[in-house]
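One structure below.
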Amino acid sequence: MSYRSLNEECGVFGVWGVPDAPNLVYYGLHALQHRGQEGCGIVASGLDGKMKRVKGEGLVTEVFDGERLSGLHGDIAIGHVRYSTTGGGGIENVQPFLFRHHTGDFALAHNGNLVNYSILRKMLEDRGSLFQSSSDSEVLAHLIKKDSAEAHKPRIFSIVNALNAVDGAFAFLIMTSGRIYACRDRYGLRPLSIARLGEGYVVSSETCAFDVIGAEYLRDIEPGEIVTIDHHGLRSRKYTDDCRHAMCAMEYVYFARPDSDIEGRNVHSFRKESGRLLYQEAPADADIVVGVPDSSLSAAMGYSEASGLPYEMGLIKNRYVARTFIQPSQEMREKGVMMKLSAVKTIVRDKRVVLVDDSIVRGTTSKRIVNMLKDAGAREVHLRIASPPIKMPCFYGVDISTYDELLCARRSVEEARQITGADSLAYLSEGSLLKAGRRSDLCLACFNGRYPTRLFQTVEDANKDGKF
Ligand code: SF4
């Protein structure tokens with residue numbers, strides 16, 4: 001996935017009430033590694049309630065060598081894998097954040113992006129807060145602490161108030177002595193699920209991480225819900241009544257692992273169905289179907305099944321490319337394409353190929369892959385995309401940041417085809433994307449510009465809302 005130009009920002013994983021929780025979080029983070037490769041960390045809490053953290057830049061296996069992991073103990077722990085968006089890279093932005101306070105330590109891990117981060121940070125700094133990082137996630141911690149310090153009330157009320165002040169996409173894990181709070185934004189833009197393990201509980205951005213440690217999936221956390229996990233078991237409350245389902249469609253299309261289930265729909269099944277529908281909408285006169293590994297393989301299988309054309313391994317991914325090439329710079333990623341993918345000449349030579357990809361962002365990767373297939377002897381390449389054209393930036397933590405970067409922001413499909421060099425190009429419609437998900441309530445804002453939240457909030461707006 002990482003040679004592509006679209007990147008998710010993070011994954012979170014937490015364990016409550018299970019012996020050796022840091023080890024389980026390690027395995028969980030390893031299963032969520034596709035959601036971020038820049039850095040990762042674990043905070044664990046022992047019987048004395050004292051929290052200890054290990055974090056670093058790099059992959060989970062690099063940061064947590066045996067020695068560093070064995071320094072963490074306890075039956076409560078949360079962890080995080082990071083791909084930087086707001087705040088950029090650097091060790092100070094690697095999570096979980098850990099705060100020492102006379103009322104007790106607490107830790108925080110966040111997946112998503114807060115759209116009103118800048119004004120909240122300014123407001124907090126004006127009131128004396130000092131930030132450790134440039135990450136948007138730290139704002140929530142300051143809001144919680146300020147609120148509880150000012151009003152001396154139980155922490156859950158401060159968390160409710162803080163969540164009502166932030167806008168945007170989030171799945172937050174907040175860990176205090178003896179307790180984990182798992183919170184999902186009012187639109188459910190980022191996934192968050194909960195499972196049972198022995199006498200304890202596990203929370204994860206994706207269900208694929210439950211299987212690794214043998215946890216039994218219970219349910220997804222609902223939009224606007226806070227689940228408190230402690231010695232009373234699970235308790236649920238809504239931080240707002242103003243909530244609805246608008247989960248990020250790109251989680252199904254590209255980010256999530258195919259073995260994850262999100263809001264009742266398996267990701268592989270979603271993608272396969274999108275491939276079937278893509279064939280119905282855009283058949284191609286061709287000999288074979290080839291998918292771009294790995295995230296497009298399920299859609300390619302669906303296209304192949306629906307069309308009756310054989311599914312072939314016309315592109316092979318080299319799994320042993322140096323880590324330099326999974327860095328988050330565009331130039332590095334593009335170079336990485338040539339190292340990470342190879343066309344199989346004996347399979348594609350003299351063939352008319354249907355090339356199935358899950359999405360096109362900038363188009364540079366698609367162009368290189370089309371060229372690669374033609375250089376390997378493909379007679380024709382018909383590019384089929386298992387999602388609609390991406391025309392708008394995302395403000396919710398996915399690095400589709402500017403109009404100028406997007407192939408289809410200001411171009412027709414025909415102009416896009418010419419740039420990629422494909423013999424034909426077609427995209428899946430929004431209607432079929434929703435059909436593949438068997439739902440009508442996904443966020444499709446990067447395709448159609450209908451953002452579920454307000455995007456730019458002024459201090460006056462925030463005051464009017466009573467947020468400050
Ligand atoms: S704008 Fe696109 S990438 Fe961003 S949350 Fe919505 S569907 Fe996902």
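So you can find residues: chains in the structure tokens are A, B, ... in the order shown, residues in each start at 1, and ligands are numbered from 1 in order.
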Fewer than 6 positions away in the same chain doesn't count, so skip those; otherwise give me all residues within 10 Å of Ile369 in chain A, counting only C-alpha atoms, as number ranges by chain.
A: 292, 315, 337-338, 341-343, 355, 375, 381, 420-422
Find the spatial neighbours of Asp241 in chain A, counting only C-alpha atoms, within a cut-off of 12 Å - ignore same-chain residues fewer than 6 positions away - and output them as a PyMOL selection string.
chain A and resi 160+164+185-187+222-225
Please tabulate, as JSON lines, the residues of chain A that come within 6 Å of ligand 1, each with its closest pair of atoms and the distance in Å to one decimal, counting only C-alpha atoms and all ligand atoms and ordering rows by chain, then residue number upward.
```
{"residue": "A:Leu189", "atom": "CA", "partner": "ligand 1", "partner_atom_place_in_ligand_line": "5 (S)", "distance": 6.0}
{"residue": "A:Cys248", "atom": "CA", "partner": "ligand 1", "partner_atom_place_in_ligand_line": "8 (Fe)", "distance": 3.7}
{"residue": "A:Ala249", "atom": "CA", "partner": "ligand 1", "partner_atom_place_in_ligand_line": "7 (S)", "distance": 4.5}
{"residue": "A:Met250", "atom": "CA", "partner": "ligand 1", "partner_atom_place_in_ligand_line": "8 (Fe)", "distance": 4.8}
{"residue": "A:Cys394", "atom": "CA", "partner": "ligand 1", "partner_atom_place_in_ligand_line": "4 (Fe)", "distance": 4.1}
{"residue": "A:Tyr396", "atom": "CA", "partner": "ligand 1", "partner_atom_place_in_ligand_line": "4 (Fe)", "distance": 5.2}
{"residue": "A:Val398", "atom": "CA", "partner": "ligand 1", "partner_atom_place_in_ligand_line": "3 (S)", "distance": 5.5}
{"residue": "A:Cys443", "atom": "CA", "partner": "ligand 1", "partner_atom_place_in_ligand_line": "6 (Fe)", "distance": 4.5}
{"residue": "A:Leu444", "atom": "CA", "partner": "ligand 1", "partner_atom_place_in_ligand_line": "7 (S)", "distance": 4.3}
{"residue": "A:Ala445", "atom": "CA", "partner": "ligand 1", "partner_atom_place_in_ligand_line": "1 (S)", "distance": 4.2}
{"residue": "A:Cys446", "atom": "CA", "partner": "ligand 1", "partner_atom_place_in_ligand_line": "1 (S)", "distance": 4.1}
```
Within 8 Å of range 98-105 of chain A, counting only C-alpha atoms, which residues qualify if same-chain residues fewer than 6 places away don't, as a list in words?
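That gives Val43, Lys50, Met51, Arg53, Thr176 and Ser177 of chain A.
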Those same residues - C-alpha atoms - I'd like them written as a compact mmCIF listing (two decimals), in the first residue's frame.
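Result file follows (part-v6.txt):
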```
# COMPACT_ATOMS: atom_id res chain seq x y z
CA VAL A 43 1.66 3.47 27.47
CA LYS A 50 1.95 4.75 37.56
CA MET A 51 2.11 4.97 33.79
CA ARG A 53 5.64 4.90 28.03
CA THR A 176 -6.41 6.99 33.30
CA SER A 177 -5.47 4.99 36.35
```
Distance query Arg121 in chain A at most 9 Å, only C-alpha atoms, self and fewer than 6 positions along chain excluded, as a VMD selection string:
chain A and resid 129 131 136 138 to 139 142
For Ser295 in chain A, list every protein, DNA or RNA residue within 12 Å, evaluated using only C-alpha atoms, and leave out those in the same chain fewer than 6 positions away; present the list as a PyMOL selection string.
chain A and resi 1-4+6+34+250-259+267-268+270-272+301+317+356-359+385-386
Writer output for current selection, N, CA and C atoms, as a PDB file, in the first residue's frame:
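Saved result, selection_37.pdb, follows:
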```pdb
ATOM      1  N   MET A   1       0.815  -1.203   0.000  1.00  0.00           N
ATOM      2  CA  MET A   1       0.000   0.000   0.000  1.00  0.00           C
ATOM      3  C   MET A   1       0.850   1.256   0.000  1.00  0.00           C
ATOM      4  N   SER A   2       2.016   1.153   0.629  1.00  0.00           N
ATOM      5  CA  SER A   2       2.697   2.389   0.961  1.00  0.00           C
ATOM      6  C   SER A   2       3.347   3.081  -0.235  1.00  0.00           C
ATOM      7  N   TYR A   3       3.438   2.427  -1.403  1.00  0.00           N
ATOM      8  CA  TYR A   3       3.987   3.153  -2.541  1.00  0.00           C
ATOM      9  C   TYR A   3       2.927   4.038  -3.166  1.00  0.00           C
ATOM     10  N   ARG A   4       1.685   3.931  -2.674  1.00  0.00           N
ATOM     11  CA  ARG A   4       0.599   4.742  -3.198  1.00  0.00           C
ATOM     12  C   ARG A   4       0.655   6.152  -2.606  1.00  0.00           C
ATOM     13  N   LEU A   6      -1.812   7.874  -1.240  1.00  0.00           N
ATOM     14  CA  LEU A   6      -2.880   8.163  -0.304  1.00  0.00           C
ATOM     15  C   LEU A   6      -2.515   7.504   1.013  1.00  0.00           C
ATOM     16  N   HIS A  34      -0.351  -1.131   8.789  1.00  0.00           N
ATOM     17  CA  HIS A  34      -0.692  -0.522   7.492  1.00  0.00           C
ATOM     18  C   HIS A  34      -1.284   0.877   7.660  1.00  0.00           C
ATOM     19  N   MET A 250     -13.300   5.763   2.165  1.00  0.00           N
ATOM     20  CA  MET A 250     -11.974   5.286   1.785  1.00  0.00           C
ATOM     21  C   MET A 250     -11.446   4.210   2.733  1.00  0.00           C
ATOM     22  N   GLU A 251     -12.038   4.099   3.915  1.00  0.00           N
ATOM     23  CA  GLU A 251     -11.661   2.980   4.795  1.00  0.00           C
ATOM     24  C   GLU A 251     -11.965   1.653   4.084  1.00  0.00           C
ATOM     25  N   TYR A 252     -13.151   1.582   3.473  1.00  0.00           N
ATOM     26  CA  TYR A 252     -13.516   0.368   2.737  1.00  0.00           C
ATOM     27  C   TYR A 252     -12.719   0.228   1.440  1.00  0.00           C
ATOM     28  N   VAL A 253     -12.583   1.375   0.734  1.00  0.00           N
ATOM     29  CA  VAL A 253     -11.973   1.337  -0.601  1.00  0.00           C
ATOM     30  C   VAL A 253     -10.487   0.994  -0.518  1.00  0.00           C
ATOM     31  N   TYR A 254      -9.784   1.561   0.466  1.00  0.00           N
ATOM     32  CA  TYR A 254      -8.327   1.511   0.404  1.00  0.00           C
ATOM     33  C   TYR A 254      -7.607   1.239   1.718  1.00  0.00           C
ATOM     34  N   PHE A 255      -8.018   1.940   2.815  1.00  0.00           N
ATOM     35  CA  PHE A 255      -7.170   1.907   4.006  1.00  0.00           C
ATOM     36  C   PHE A 255      -7.200   0.593   4.761  1.00  0.00           C
ATOM     37  N   ALA A 256      -8.403   0.122   5.057  1.00  0.00           N
ATOM     38  CA  ALA A 256      -8.522  -0.979   6.009  1.00  0.00           C
ATOM     39  C   ALA A 256      -7.999  -2.283   5.411  1.00  0.00           C
ATOM     40  N   ARG A 257      -7.627  -3.193   6.292  1.00  0.00           N
ATOM     41  CA  ARG A 257      -7.183  -4.507   5.831  1.00  0.00           C
ATOM     42  C   ARG A 257      -8.390  -5.310   5.374  1.00  0.00           C
ATOM     43  N   PRO A 258      -8.230  -6.148   4.330  1.00  0.00           N
ATOM     44  CA  PRO A 258      -9.394  -6.884   3.811  1.00  0.00           C
ATOM     45  C   PRO A 258     -10.029  -7.832   4.833  1.00  0.00           C
ATOM     46  N   ASP A 259      -9.263  -8.246   5.831  1.00  0.00           N
ATOM     47  CA  ASP A 259      -9.840  -9.166   6.827  1.00  0.00           C
ATOM     48  C   ASP A 259     -10.527  -8.415   7.972  1.00  0.00           C
ATOM     49  N   VAL A 267     -14.379  -5.933   4.698  1.00  0.00           N
ATOM     50  CA  VAL A 267     -13.713  -5.042   3.736  1.00  0.00           C
ATOM     51  C   VAL A 267     -13.444  -5.761   2.407  1.00  0.00           C
ATOM     52  N   HIS A 268     -12.981  -7.006   2.465  1.00  0.00           N
ATOM     53  CA  HIS A 268     -12.749  -7.770   1.223  1.00  0.00           C
ATOM     54  C   HIS A 268     -14.058  -7.924   0.444  1.00  0.00           C
ATOM     55  N   PHE A 270     -16.698  -6.036   0.532  1.00  0.00           N
ATOM     56  CA  PHE A 270     -17.050  -4.722  -0.027  1.00  0.00           C
ATOM     57  C   PHE A 270     -16.289  -4.513  -1.344  1.00  0.00           C
ATOM     58  N   ARG A 271     -14.991  -4.743  -1.293  1.00  0.00           N
ATOM     59  CA  ARG A 271     -14.156  -4.453  -2.469  1.00  0.00           C
ATOM     60  C   ARG A 271     -14.510  -5.378  -3.638  1.00  0.00           C
ATOM     61  N   LYS A 272     -14.768  -6.646  -3.312  1.00  0.00           N
ATOM     62  CA  LYS A 272     -15.103  -7.597  -4.369  1.00  0.00           C
ATOM     63  C   LYS A 272     -16.409  -7.178  -5.047  1.00  0.00           C
ATOM     64  N   MET A 301     -10.678  -9.249  -8.344  1.00  0.00           N
ATOM     65  CA  MET A 301     -11.339 -10.570  -8.314  1.00  0.00           C
ATOM     66  C   MET A 301     -12.811 -10.428  -8.668  1.00  0.00           C
ATOM     67  N   LYS A 317       4.324  -7.738  -6.332  1.00  0.00           N
ATOM     68  CA  LYS A 317       4.876  -6.775  -5.378  1.00  0.00           C
ATOM     69  C   LYS A 317       6.123  -7.358  -4.727  1.00  0.00           C
ATOM     70  N   VAL A 356      -7.215  -3.080 -12.712  1.00  0.00           N
ATOM     71  CA  VAL A 356      -8.141  -2.576 -11.698  1.00  0.00           C
ATOM     72  C   VAL A 356      -7.347  -1.941 -10.557  1.00  0.00           C
ATOM     73  N   ASP A 357      -7.680  -0.682 -10.255  1.00  0.00           N
ATOM     74  CA  ASP A 357      -7.055  -0.002  -9.115  1.00  0.00           C
ATOM     75  C   ASP A 357      -8.171   0.531  -8.223  1.00  0.00           C
ATOM     76  N   ASP A 358      -7.883   0.688  -6.912  1.00  0.00           N
ATOM     77  CA  ASP A 358      -8.960   1.117  -6.013  1.00  0.00           C
ATOM     78  C   ASP A 358      -9.288   2.596  -6.143  1.00  0.00           C
ATOM     79  N   SER A 359      -8.270   3.426  -6.468  1.00  0.00           N
ATOM     80  CA  SER A 359      -8.499   4.870  -6.541  1.00  0.00           C
ATOM     81  C   SER A 359      -7.327   5.513  -7.283  1.00  0.00           C
ATOM     82  N   ILE A 385     -11.321   1.942 -12.202  1.00  0.00           N
ATOM     83  CA  ILE A 385     -11.100   2.411 -10.830  1.00  0.00           C
ATOM     84  C   ILE A 385     -12.324   2.087  -9.979  1.00  0.00           C
ATOM     85  N   ALA A 386     -12.105   1.386  -8.868  1.00  0.00           N
ATOM     86  CA  ALA A 386     -13.212   0.882  -8.044  1.00  0.00           C
ATOM     87  C   ALA A 386     -13.726   1.916  -7.037  1.00  0.00           C
TER      88      ALA A 386
END
```
Please run DSSP on the backbone and report, as a count of residues only, all residues within range 141-260 of chain A that come out as strand (DSSP E or B).
43
